[in-house]
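Following: one structure in structure tokens, then a few remarks.
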Amino acid sequence: MAEKTLKRVDLIFSEDNYREIIEKTFAKTDDEIINEMIDSGLKGRGGAGFLTGLKWKFARDAKSTNKHVICNADEGEPGTFKDREILDKVAQKVFTGMAIAARVVGAKKGYIYLRGEYRFLVPKLLKDLKEFHAIMKAVNFDYEIDIFMGSGAYVCGEETALLESMEGRRGEPRNKPPFPVIEGYLGQPTVVNNVETLASAAMVCKIGSQSYKRLGTKSSRGSKLFSVSGDTPIAGVYELELGMSLQEFVDEFGDGDTKAVQVGGASGFCVPRKKFPTTIIGYQSDLEGDNLPTGGSMMIFNSSRSMYNLLRNYLDFFVEESCGQCTPCRVGTQQLIYGIEAVKRGDKNSSYLDYLLKLTETMKMTAKCGLGQSVANSFSSIVTNFKEEMIY
Amino acid sequence: MVEVESLVKRLVNIYGRKRESLLPVLQGVVEQERTLTEVTLKIVAQELDLSAAQVYGTATFYGFLDTEPRGEFVIRVCKSITCAMKGKNQMIKTMEDTLKLKLGETTKDKKFTLLQTNCLGWCHKAPTMLINDEVYINLDQEKVIEIIQSYSRKGTY
């Protein structure tokens with residue numbers, strides 16, 4: 001164990017009086033709430049990192065009699081499990097965030113898009129929803145939340161694919177713009193927020209943006225849940241301040257033999273040991289070193305692991321979960337597998353890897369959604385940092 | 001077939017006849033029947049006033065909406081990286097031996113189907129699997145055999 005331990009935060013899983021938070025927040029004007037949210041610096045906790053307050057503002061400004069607030073609980077990124085913990089332990093906090101968003105944008109209806117793998121949570125969520133709807137009635141606010149089940153498709157975590165799925169179609173991402181805040185569910189303005197984002201929004205309303213801002217760094221405000229797994233003696237969900245270095249993280253969570261950490265799941269980046277001190281966990285900023293945004297998946301690998309097998313596992317995942325709609329992603333992911341296999345067998349020489357890296361760059365530029373675009377992240381970070389393992 | 005038809009009608013009454021009702025209706029059928037046959041998809045299409053192709057296209061997109069015959073208990077072993085590192089292949093081997101089938105197959109008595117799936121969201125408690133909607137974590141060979149035996153005693157057959 002390291003001497004210096006990372007500061008633990010206890011916001012997301014704290015017990016709270018939700019009626020009190022809602023009443024306190026509803027006493028403010030919509031503009032005050034939006035400004036507080038923007039001022040807090042809270043960014044989307046699903047991984048993309050868009051300013052939550054700004055998203056709400058866009059949906060508020062959209063003209064429509066019907067608007068929706070959807071909680072994205074399609075947590076499918078390999079290595080991520082914090083949203084399940086939130087919904088299991090403090091679902092009311094998420095509903096509270098949804099109610100506040102609904103008040104701000106003017107929505108009457110909300111949905112939780114829950115991945116099929118989490119169906120076991122439904123009975124408990126229904127019980128929590130009953131209590132929540134009682135609070136809504138007590139504060140005289142007309143807002144109702146329903147659960148919509150997913151059916152085992154990773155790409156539906158992409159917000160426009162999620163909307164397609166809710167509308168009864170294949171989960172194929174839409175072209176953007178228009179963004180969901182303008183044309184979302186059933187063509188109406190829709191806020192789609194991640195589970196953790198909504199819980200964090202409720203906490204910003206509780207403690208105020210000033211206190212919330214004190215956590216984290218300038219470009220990465222607040223705390224974040226991390227799903228820690230792999231070669232670690234203490235796997236689990238931890239709430240930590242943003243802006244820590246990967247070295248600090250590994251000192252605390254590694255098993256003493258950490259070779260690499262995959263930050264942000266299969267669609268994230270693989271960081272080798274030599275880059276731990278200069279890698280900062282947070283959103284892009286003027287800080288030195290590489291800044292890695294993350295949905296919170298931190299998978300730790302020790303020196304017994306083969307990086308070739310790791311990459312192979314990720315690529316299999318992408319091939320299976322690609323919606324198949326656009327060519328760069330559908331064909332690109334398959335070709336990457338053929339490519340690394342050919343190099344491993346010796347049918348192609350090692351310079352072929354550069355050719356494959358170019359292919360991922362093309363995918364990054366031309367794929368329609370985040371899935372196809374982000375294949376380059378893990379592919380290039382693994383192939384560049386562990387080239388020898390790809391070849392021999 | 002009459003049974004499936006009345007099931008679909010019952011689900012349509014609950015979820016409505018809009019396009020947005022399609023997924024909940026299909027999920028409801030899978031929950032009861034474990035699979036969507038051609039006949040079922042046609043009935044759903046008729047009830048929701050959609051083309052059979054639209055219903056088939058949607059159903060086949062989703063991993064959990066099976067259009068192939070499945071057993072009463074569908075086992076899905078997580079194959080994502082952490083579960084792979086923590087021995088999911090041994091778990092699969094154990095189940096193949098216990099159930100006398102190969103990965104992807106259904107037992108002759110139509111009781112169990114053994115499949116793999118992507119991340120189940122329990123990486124800190126790997127290896128893991130789902131049996132229908134039930135989650136099983138921190139698996140080892142002994143535990144897997146015990147679980148399978150308890151399901152063998154359950155069934156409706």
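Residues are referred to by chain and number: the chain letter is A, B, ... according to the order shown in the structure tokens, the number counts from 1 in that chain, and ligands are numbered separately from 1 in the order shown.
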Which polymer residues have any atom within 12 Å of an atom of Glu68 of chain B, counting only C-alpha atoms, with same-chain residues fewer than 2 positions away left out, as a PDB file with all heavy atoms, in the first residue's frame?
ATOM      1  N   VAL B  30     -39.985 -13.194 -25.252  1.00  0.00           N
ATOM      2  CA  VAL B  30     -38.751 -13.925 -24.940  1.00  0.00           C
ATOM      3  C   VAL B  30     -38.751 -14.369 -23.477  1.00  0.00           C
ATOM      4  O   VAL B  30     -38.301 -15.467 -23.154  1.00  0.00           O
ATOM      5  CB  VAL B  30     -37.506 -13.060 -25.255  1.00  0.00           C
ATOM      6  CG1 VAL B  30     -36.247 -13.708 -24.701  1.00  0.00           C
ATOM      7  CG2 VAL B  30     -37.378 -12.851 -26.754  1.00  0.00           C
ATOM      8  N   GLU B  33     -41.177 -17.417 -23.683  1.00  0.00           N
ATOM      9  CA  GLU B  33     -40.890 -18.483 -24.649  1.00  0.00           C
ATOM     10  C   GLU B  33     -39.396 -18.723 -24.865  1.00  0.00           C
ATOM     11  O   GLU B  33     -39.018 -19.695 -25.503  1.00  0.00           O
ATOM     12  CB  GLU B  33     -41.530 -18.126 -26.003  1.00  0.00           C
ATOM     13  CG  GLU B  33     -43.034 -17.869 -25.936  1.00  0.00           C
ATOM     14  CD  GLU B  33     -43.803 -19.158 -25.765  1.00  0.00           C
ATOM     15  OE1 GLU B  33     -43.531 -20.111 -26.509  1.00  0.00           O
ATOM     16  OE2 GLU B  33     -44.663 -19.208 -24.880  1.00  0.00           O
ATOM     17  N   ARG B  34     -38.560 -17.766 -24.410  1.00  0.00           N
ATOM     18  CA  ARG B  34     -37.099 -17.784 -24.563  1.00  0.00           C
ATOM     19  C   ARG B  34     -36.623 -17.581 -25.993  1.00  0.00           C
ATOM     20  O   ARG B  34     -35.456 -17.390 -26.232  1.00  0.00           O
ATOM     21  CB  ARG B  34     -36.472 -19.083 -24.000  1.00  0.00           C
ATOM     22  CG  ARG B  34     -36.836 -19.351 -22.570  1.00  0.00           C
ATOM     23  CD  ARG B  34     -35.739 -18.953 -21.596  1.00  0.00           C
ATOM     24  NE  ARG B  34     -35.488 -17.533 -21.527  1.00  0.00           N
ATOM     25  CZ  ARG B  34     -35.943 -16.723 -20.574  1.00  0.00           C
ATOM     26  NH1 ARG B  34     -36.688 -17.180 -19.611  1.00  0.00           N
ATOM     27  NH2 ARG B  34     -35.639 -15.454 -20.558  1.00  0.00           N
ATOM     28  N   THR B  35     -37.515 -17.642 -26.965  1.00  0.00           N
ATOM     29  CA  THR B  35     -37.099 -17.440 -28.349  1.00  0.00           C
ATOM     30  C   THR B  35     -38.233 -16.841 -29.176  1.00  0.00           C
ATOM     31  O   THR B  35     -39.402 -16.924 -28.800  1.00  0.00           O
ATOM     32  CB  THR B  35     -36.619 -18.776 -28.963  1.00  0.00           C
ATOM     33  OG1 THR B  35     -36.195 -18.536 -30.298  1.00  0.00           O
ATOM     34  CG2 THR B  35     -37.739 -19.792 -28.993  1.00  0.00           C
ATOM     35  N   LEU B  36     -37.840 -16.200 -30.289  1.00  0.00           N
ATOM     36  CA  LEU B  36     -38.832 -15.613 -31.192  1.00  0.00           C
ATOM     37  C   LEU B  36     -38.837 -16.420 -32.491  1.00  0.00           C
ATOM     38  O   LEU B  36     -37.874 -16.385 -33.237  1.00  0.00           O
ATOM     39  CB  LEU B  36     -38.465 -14.156 -31.495  1.00  0.00           C
ATOM     40  CG  LEU B  36     -38.477 -13.196 -30.299  1.00  0.00           C
ATOM     41  CD1 LEU B  36     -37.655 -11.955 -30.617  1.00  0.00           C
ATOM     42  CD2 LEU B  36     -39.898 -12.812 -29.935  1.00  0.00           C
ATOM     43  N   THR B  37     -39.908 -17.149 -32.742  1.00  0.00           N
ATOM     44  CA  THR B  37     -39.986 -17.934 -33.970  1.00  0.00           C
ATOM     45  C   THR B  37     -40.524 -17.057 -35.102  1.00  0.00           C
ATOM     46  O   THR B  37     -41.036 -15.962 -34.859  1.00  0.00           O
ATOM     47  CB  THR B  37     -40.927 -19.133 -33.803  1.00  0.00           C
ATOM     48  OG1 THR B  37     -42.233 -18.615 -33.517  1.00  0.00           O
ATOM     49  CG2 THR B  37     -40.494 -20.047 -32.662  1.00  0.00           C
ATOM     50  N   GLU B  38     -40.404 -17.567 -36.309  1.00  0.00           N
ATOM     51  CA  GLU B  38     -40.914 -16.843 -37.474  1.00  0.00           C
ATOM     52  C   GLU B  38     -42.404 -16.547 -37.290  1.00  0.00           C
ATOM     53  O   GLU B  38     -42.878 -15.437 -37.561  1.00  0.00           O
ATOM     54  CB  GLU B  38     -40.690 -17.704 -38.721  1.00  0.00           C
ATOM     55  CG  GLU B  38     -40.798 -16.927 -40.003  1.00  0.00           C
ATOM     56  CD  GLU B  38     -40.594 -17.829 -41.220  1.00  0.00           C
ATOM     57  OE1 GLU B  38     -39.719 -18.704 -41.173  1.00  0.00           O
ATOM     58  OE2 GLU B  38     -41.333 -17.644 -42.209  1.00  0.00           O
ATOM     59  N   ALA B  59     -35.659  -7.319 -34.204  1.00  0.00           N
ATOM     60  CA  ALA B  59     -35.391  -8.432 -33.282  1.00  0.00           C
ATOM     61  C   ALA B  59     -33.965  -8.952 -33.417  1.00  0.00           C
ATOM     62  O   ALA B  59     -33.279  -9.191 -32.422  1.00  0.00           O
ATOM     63  CB  ALA B  59     -36.389  -9.561 -33.517  1.00  0.00           C
ATOM     64  N   THR B  60     -33.498  -9.107 -34.650  1.00  0.00           N
ATOM     65  CA  THR B  60     -32.187  -9.720 -34.859  1.00  0.00           C
ATOM     66  C   THR B  60     -31.031  -8.790 -34.495  1.00  0.00           C
ATOM     67  O   THR B  60     -29.883  -9.211 -34.442  1.00  0.00           O
ATOM     68  CB  THR B  60     -32.012 -10.164 -36.330  1.00  0.00           C
ATOM     69  OG1 THR B  60     -32.380  -9.077 -37.181  1.00  0.00           O
ATOM     70  CG2 THR B  60     -32.874 -11.373 -36.624  1.00  0.00           C
ATOM     71  N   GLY B  63     -28.914  -8.755 -28.961  1.00  0.00           N
ATOM     72  CA  GLY B  63     -28.356 -10.019 -28.495  1.00  0.00           C
ATOM     73  C   GLY B  63     -29.294 -10.836 -27.621  1.00  0.00           C
ATOM     74  O   GLY B  63     -29.240 -12.060 -27.620  1.00  0.00           O
ATOM     75  N   PHE B  64     -30.155 -10.163 -26.876  1.00  0.00           N
ATOM     76  CA  PHE B  64     -31.018 -10.880 -25.938  1.00  0.00           C
ATOM     77  C   PHE B  64     -32.374 -11.241 -26.538  1.00  0.00           C
ATOM     78  O   PHE B  64     -33.204 -11.833 -25.867  1.00  0.00           O
ATOM     79  CB  PHE B  64     -31.220 -10.060 -24.653  1.00  0.00           C
ATOM     80  CG  PHE B  64     -30.041 -10.099 -23.727  1.00  0.00           C
ATOM     81  CD1 PHE B  64     -28.804 -10.570 -24.157  1.00  0.00           C
ATOM     82  CD2 PHE B  64     -30.157  -9.672 -22.407  1.00  0.00           C
ATOM     83  CE1 PHE B  64     -27.715 -10.603 -23.305  1.00  0.00           C
ATOM     84  CE2 PHE B  64     -29.065  -9.707 -21.543  1.00  0.00           C
ATOM     85  CZ  PHE B  64     -27.844 -10.165 -21.996  1.00  0.00           C
ATOM     86  N   LEU B  65     -32.616 -10.825 -27.781  1.00  0.00           N
ATOM     87  CA  LEU B  65     -33.854 -11.235 -28.440  1.00  0.00           C
ATOM     88  C   LEU B  65     -33.507 -12.385 -29.375  1.00  0.00           C
ATOM     89  O   LEU B  65     -33.201 -12.191 -30.550  1.00  0.00           O
ATOM     90  CB  LEU B  65     -34.482 -10.062 -29.222  1.00  0.00           C
ATOM     91  CG  LEU B  65     -34.892  -8.852 -28.378  1.00  0.00           C
ATOM     92  CD1 LEU B  65     -35.474  -7.750 -29.261  1.00  0.00           C
ATOM     93  CD2 LEU B  65     -35.902  -9.238 -27.300  1.00  0.00           C
ATOM     94  N   ASP B  66     -33.546 -13.597 -28.838  1.00  0.00           N
ATOM     95  CA  ASP B  66     -33.084 -14.754 -29.593  1.00  0.00           C
ATOM     96  C   ASP B  66     -34.084 -15.162 -30.664  1.00  0.00           C
ATOM     97  O   ASP B  66     -35.276 -15.231 -30.415  1.00  0.00           O
ATOM     98  CB  ASP B  66     -32.856 -15.933 -28.645  1.00  0.00           C
ATOM     99  CG  ASP B  66     -31.646 -15.702 -27.761  1.00  0.00           C
ATOM    100  OD1 ASP B  66     -30.572 -15.442 -28.302  1.00  0.00           O
ATOM    101  OD2 ASP B  66     -31.800 -15.762 -26.530  1.00  0.00           O
ATOM    102  N   ARG B  70     -33.973 -21.905 -28.087  1.00  0.00           N
ATOM    103  CA  ARG B  70     -33.208 -21.829 -26.839  1.00  0.00           C
ATOM    104  C   ARG B  70     -33.851 -22.719 -25.788  1.00  0.00           C
ATOM    105  O   ARG B  70     -35.044 -22.992 -25.841  1.00  0.00           O
ATOM    106  CB  ARG B  70     -33.204 -20.393 -26.297  1.00  0.00           C
ATOM    107  CG  ARG B  70     -32.519 -19.377 -27.192  1.00  0.00           C
ATOM    108  CD  ARG B  70     -31.016 -19.559 -27.189  1.00  0.00           C
ATOM    109  NE  ARG B  70     -30.345 -18.519 -27.949  1.00  0.00           N
ATOM    110  CZ  ARG B  70     -29.458 -18.762 -28.916  1.00  0.00           C
ATOM    111  NH1 ARG B  70     -29.146 -19.998 -29.246  1.00  0.00           N
ATOM    112  NH2 ARG B  70     -28.870 -17.766 -29.549  1.00  0.00           N
ATOM    113  N   GLY B  71     -33.050 -23.120 -24.817  1.00  0.00           N
ATOM    114  CA  GLY B  71     -33.563 -23.924 -23.713  1.00  0.00           C
ATOM    115  C   GLY B  71     -34.336 -23.072 -22.720  1.00  0.00           C
ATOM    116  O   GLY B  71     -34.400 -21.845 -22.839  1.00  0.00           O
ATOM    117  N   VAL B  74     -31.300 -20.052 -20.206  1.00  0.00           N
ATOM    118  CA  VAL B  74     -30.239 -19.600 -21.095  1.00  0.00           C
ATOM    119  C   VAL B  74     -29.078 -19.082 -20.247  1.00  0.00           C
ATOM    120  O   VAL B  74     -29.214 -18.119 -19.499  1.00  0.00           O
ATOM    121  CB  VAL B  74     -30.743 -18.492 -22.045  1.00  0.00           C
ATOM    122  CG1 VAL B  74     -29.623 -18.035 -22.972  1.00  0.00           C
ATOM    123  CG2 VAL B  74     -31.933 -18.984 -22.842  1.00  0.00           C
ATOM    124  N   GLY B 104     -22.742 -22.771 -27.260  1.00  0.00           N
ATOM    125  CA  GLY B 104     -23.652 -22.408 -28.346  1.00  0.00           C
ATOM    126  C   GLY B 104     -24.796 -23.395 -28.525  1.00  0.00           C
ATOM    127  O   GLY B 104     -25.750 -23.108 -29.249  1.00  0.00           O
ATOM    128  N   GLU B 105     -24.688 -24.559 -27.860  1.00  0.00           N
ATOM    129  CA  GLU B 105     -25.708 -25.590 -28.056  1.00  0.00           C
ATOM    130  C   GLU B 105     -26.762 -25.591 -26.940  1.00  0.00           C
ATOM    131  O   GLU B 105     -26.572 -24.985 -25.895  1.00  0.00           O
ATOM    132  CB  GLU B 105     -25.039 -26.972 -28.104  1.00  0.00           C
ATOM    133  CG  GLU B 105     -24.203 -27.192 -29.346  1.00  0.00           C
ATOM    134  CD  GLU B 105     -23.489 -28.537 -29.346  1.00  0.00           C
ATOM    135  OE1 GLU B 105     -23.518 -29.252 -28.322  1.00  0.00           O
ATOM    136  OE2 GLU B 105     -22.876 -28.850 -30.379  1.00  0.00           O
ATOM    137  N   THR B 106     -27.831 -26.349 -27.217  1.00  0.00           N
ATOM    138  CA  THR B 106     -28.906 -26.541 -26.243  1.00  0.00           C
ATOM    139  C   THR B 106     -28.968 -28.026 -25.885  1.00  0.00           C
ATOM    140  O   THR B 106     -28.778 -28.869 -26.760  1.00  0.00           O
ATOM    141  CB  THR B 106     -30.253 -26.087 -26.846  1.00  0.00           C
ATOM    142  OG1 THR B 106     -30.144 -24.699 -27.198  1.00  0.00           O
ATOM    143  CG2 THR B 106     -31.400 -26.255 -25.867  1.00  0.00           C
ATOM    144  N   THR B 113     -29.306 -23.763 -22.476  1.00  0.00           N
ATOM    145  CA  THR B 113     -28.530 -23.315 -23.620  1.00  0.00           C
ATOM    146  C   THR B 113     -27.298 -22.615 -23.063  1.00  0.00           C
ATOM    147  O   THR B 113     -27.418 -21.818 -22.126  1.00  0.00           O
ATOM    148  CB  THR B 113     -29.328 -22.322 -24.487  1.00  0.00           C
ATOM    149  OG1 THR B 113     -30.522 -22.964 -24.932  1.00  0.00           O
ATOM    150  CG2 THR B 113     -28.523 -21.865 -25.701  1.00  0.00           C
TER     151      THR B 113
END
For a quick test of understanding: name the residues of chain A lying within 6 Å of chain B when counting only C-alpha atoms, and present them as a VMD selection string. chain A and resid 78 to 81 120 151 to 153 166 to 170 229 to 230 235 to 236
Same residues, N, CA and C atoms, saved as an mmCIF file, in the first residue's frame:
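Listed below is the output, part01.cif:
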data_model
loop_
_atom_site.group_PDB
_atom_site.id
_atom_site.type_symbol
_atom_site.label_atom_id
_atom_site.label_comp_id
_atom_site.auth_asym_id
_atom_site.auth_seq_id
_atom_site.Cartn_x
_atom_site.Cartn_y
_atom_site.Cartn_z
ATOM 1 N N PRO A 78 -16.870 -2.452 -21.347
ATOM 2 C CA PRO A 78 -16.164 -3.449 -20.542
ATOM 3 C C PRO A 78 -15.363 -2.778 -19.422
ATOM 4 N N GLY A 79 -15.528 -3.283 -18.216
ATOM 5 C CA GLY A 79 -14.798 -2.716 -17.089
ATOM 6 C C GLY A 79 -15.562 -1.650 -16.336
ATOM 7 N N THR A 80 -16.790 -1.365 -16.730
ATOM 8 C CA THR A 80 -17.576 -0.339 -16.041
ATOM 9 C C THR A 80 -18.746 -0.980 -15.316
ATOM 10 N N PHE A 81 -18.895 -0.649 -14.041
ATOM 11 C CA PHE A 81 -20.015 -1.216 -13.291
ATOM 12 C C PHE A 81 -20.536 -0.267 -12.229
ATOM 13 N N PHE A 120 -32.437 -7.716 -13.327
ATOM 14 C CA PHE A 120 -32.667 -8.125 -11.940
ATOM 15 C C PHE A 120 -32.904 -6.926 -11.013
ATOM 16 N N SER A 151 -31.886 -4.647 -24.651
ATOM 17 C CA SER A 151 -31.873 -6.093 -24.889
ATOM 18 C C SER A 151 -30.513 -6.589 -25.356
ATOM 19 N N GLY A 152 -29.464 -6.092 -24.718
ATOM 20 C CA GLY A 152 -28.143 -6.620 -25.031
ATOM 21 C C GLY A 152 -27.531 -6.040 -26.287
ATOM 22 N N ALA A 153 -27.347 -4.731 -26.328
ATOM 23 C CA ALA A 153 -26.654 -4.090 -27.454
ATOM 24 C C ALA A 153 -25.842 -2.921 -26.908
ATOM 25 N N MET A 166 -35.503 2.892 -28.296
ATOM 26 C CA MET A 166 -36.757 3.199 -27.600
ATOM 27 C C MET A 166 -37.917 3.364 -28.566
ATOM 28 N N GLU A 167 -37.592 3.769 -29.781
ATOM 29 C CA GLU A 167 -38.644 3.946 -30.787
ATOM 30 C C GLU A 167 -38.943 2.641 -31.522
ATOM 31 N N GLY A 168 -38.359 1.548 -31.057
ATOM 32 C CA GLY A 168 -38.694 0.243 -31.602
ATOM 33 C C GLY A 168 -37.922 -0.149 -32.847
ATOM 34 N N ARG A 169 -36.746 0.439 -33.021
ATOM 35 C CA ARG A 169 -35.947 0.107 -34.196
ATOM 36 C C ARG A 169 -34.594 -0.487 -33.809
ATOM 37 N N ARG A 170 -33.833 -0.886 -34.839
ATOM 38 C CA ARG A 170 -32.464 -1.337 -34.609
ATOM 39 C C ARG A 170 -31.679 -0.188 -33.969
ATOM 40 N N SER A 229 -10.961 -2.803 -11.694
ATOM 41 C CA SER A 229 -10.962 -4.264 -11.817
ATOM 42 C C SER A 229 -9.671 -4.752 -12.437
ATOM 43 N N GLY A 230 -9.554 -6.049 -12.593
ATOM 44 C CA GLY A 230 -8.354 -6.639 -13.174
ATOM 45 C C GLY A 230 -7.404 -7.119 -12.089
ATOM 46 N N ALA A 235 -10.526 -4.723 -5.953
ATOM 47 C CA ALA A 235 -11.447 -4.336 -7.023
ATOM 48 C C ALA A 235 -12.741 -3.804 -6.422
ATOM 49 N N GLY A 236 -13.360 -2.850 -7.118
ATOM 50 C CA GLY A 236 -14.621 -2.308 -6.625
ATOM 51 C C GLY A 236 -14.890 -0.924 -7.182
#
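Per DSSP on the backbone, strand (DSSP E or B) in segment 30-94 of chain B comprises B:Phe73, B:Val74, B:Ile75, B:Arg76, B:Val77, B:Cys78.
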Can you pull out every residue within 12 Å of Lys348 of chain A, counting only C-alpha atoms, but drop anything in the same chain fewer than 5 positions away, and send it as a PyMOL selection string? chain A and resi 338-343+353-356+390-391
With N, CA, C and O atoms kept, could you save the residues just selected as a tab-separated table (two decimals), in the first residue's frame?
chain	number	residue	atom	x	y	z
A	338	TYR	N	-8.06	-9.56	-38.66
A	338	TYR	CA	-7.29	-10.31	-39.67
A	338	TYR	C	-5.85	-9.83	-39.70
A	338	TYR	O	-4.90	-10.62	-39.79
A	339	GLY	N	-5.70	-8.50	-39.59
A	339	GLY	CA	-4.37	-7.89	-39.68
A	339	GLY	C	-3.45	-8.30	-38.55
A	339	GLY	O	-2.31	-8.75	-38.79
A	340	ILE	N	-3.91	-8.18	-37.30
A	340	ILE	CA	-3.01	-8.52	-36.20
A	340	ILE	C	-2.74	-10.02	-36.16
A	340	ILE	O	-1.66	-10.45	-35.77
A	341	GLU	N	-3.71	-10.81	-36.62
A	341	GLU	CA	-3.48	-12.27	-36.67
A	341	GLU	C	-2.41	-12.61	-37.70
A	341	GLU	O	-1.54	-13.45	-37.46
A	342	ALA	N	-2.47	-11.92	-38.85
A	342	ALA	CA	-1.50	-12.18	-39.91
A	342	ALA	C	-0.09	-11.81	-39.46
A	342	ALA	O	0.88	-12.52	-39.75
A	343	VAL	N	0.02	-10.71	-38.72
A	343	VAL	CA	1.33	-10.28	-38.21
A	343	VAL	C	1.84	-11.31	-37.19
A	343	VAL	O	3.00	-11.71	-37.22
A	353	LEU	N	1.77	-3.36	-39.26
A	353	LEU	CA	1.07	-2.73	-38.13
A	353	LEU	C	0.86	-1.24	-38.39
A	353	LEU	O	-0.16	-0.68	-37.99
A	354	ASP	N	1.85	-0.60	-39.05
A	354	ASP	CA	1.69	0.83	-39.37
A	354	ASP	C	0.51	1.04	-40.31
A	354	ASP	O	-0.23	2.03	-40.22
A	355	TYR	N	0.36	0.10	-41.21
A	355	TYR	CA	-0.74	0.15	-42.16
A	355	TYR	C	-2.08	0.05	-41.40
A	355	TYR	O	-3.03	0.78	-41.68
A	356	LEU	N	-2.11	-0.85	-40.40
A	356	LEU	CA	-3.32	-1.01	-39.60
A	356	LEU	C	-3.60	0.24	-38.76
A	356	LEU	O	-4.76	0.63	-38.57
A	390	MET	N	2.94	-7.71	-30.16
A	390	MET	CA	2.06	-7.92	-31.32
A	390	MET	C	2.77	-8.82	-32.35
A	390	MET	O	2.13	-9.53	-33.11
A	391	ILE	N	4.12	-8.75	-32.33
A	391	ILE	CA	4.88	-9.42	-33.38
A	391	ILE	C	5.31	-10.83	-32.96
A	391	ILE	O	5.16	-11.78	-33.73
With only C-alpha atoms as the counted atoms, please give the residues lying no more than 10 Å from segment 371-380 of chain A, apart from itself and same-chain residues fewer than 4 positions off, as a PyMOL selection string. chain A and resi 154-155+157-158+173+262-271+310-312+314-315+318-319+321-324+326-330+332-333+336+353-354+356-367+384-387
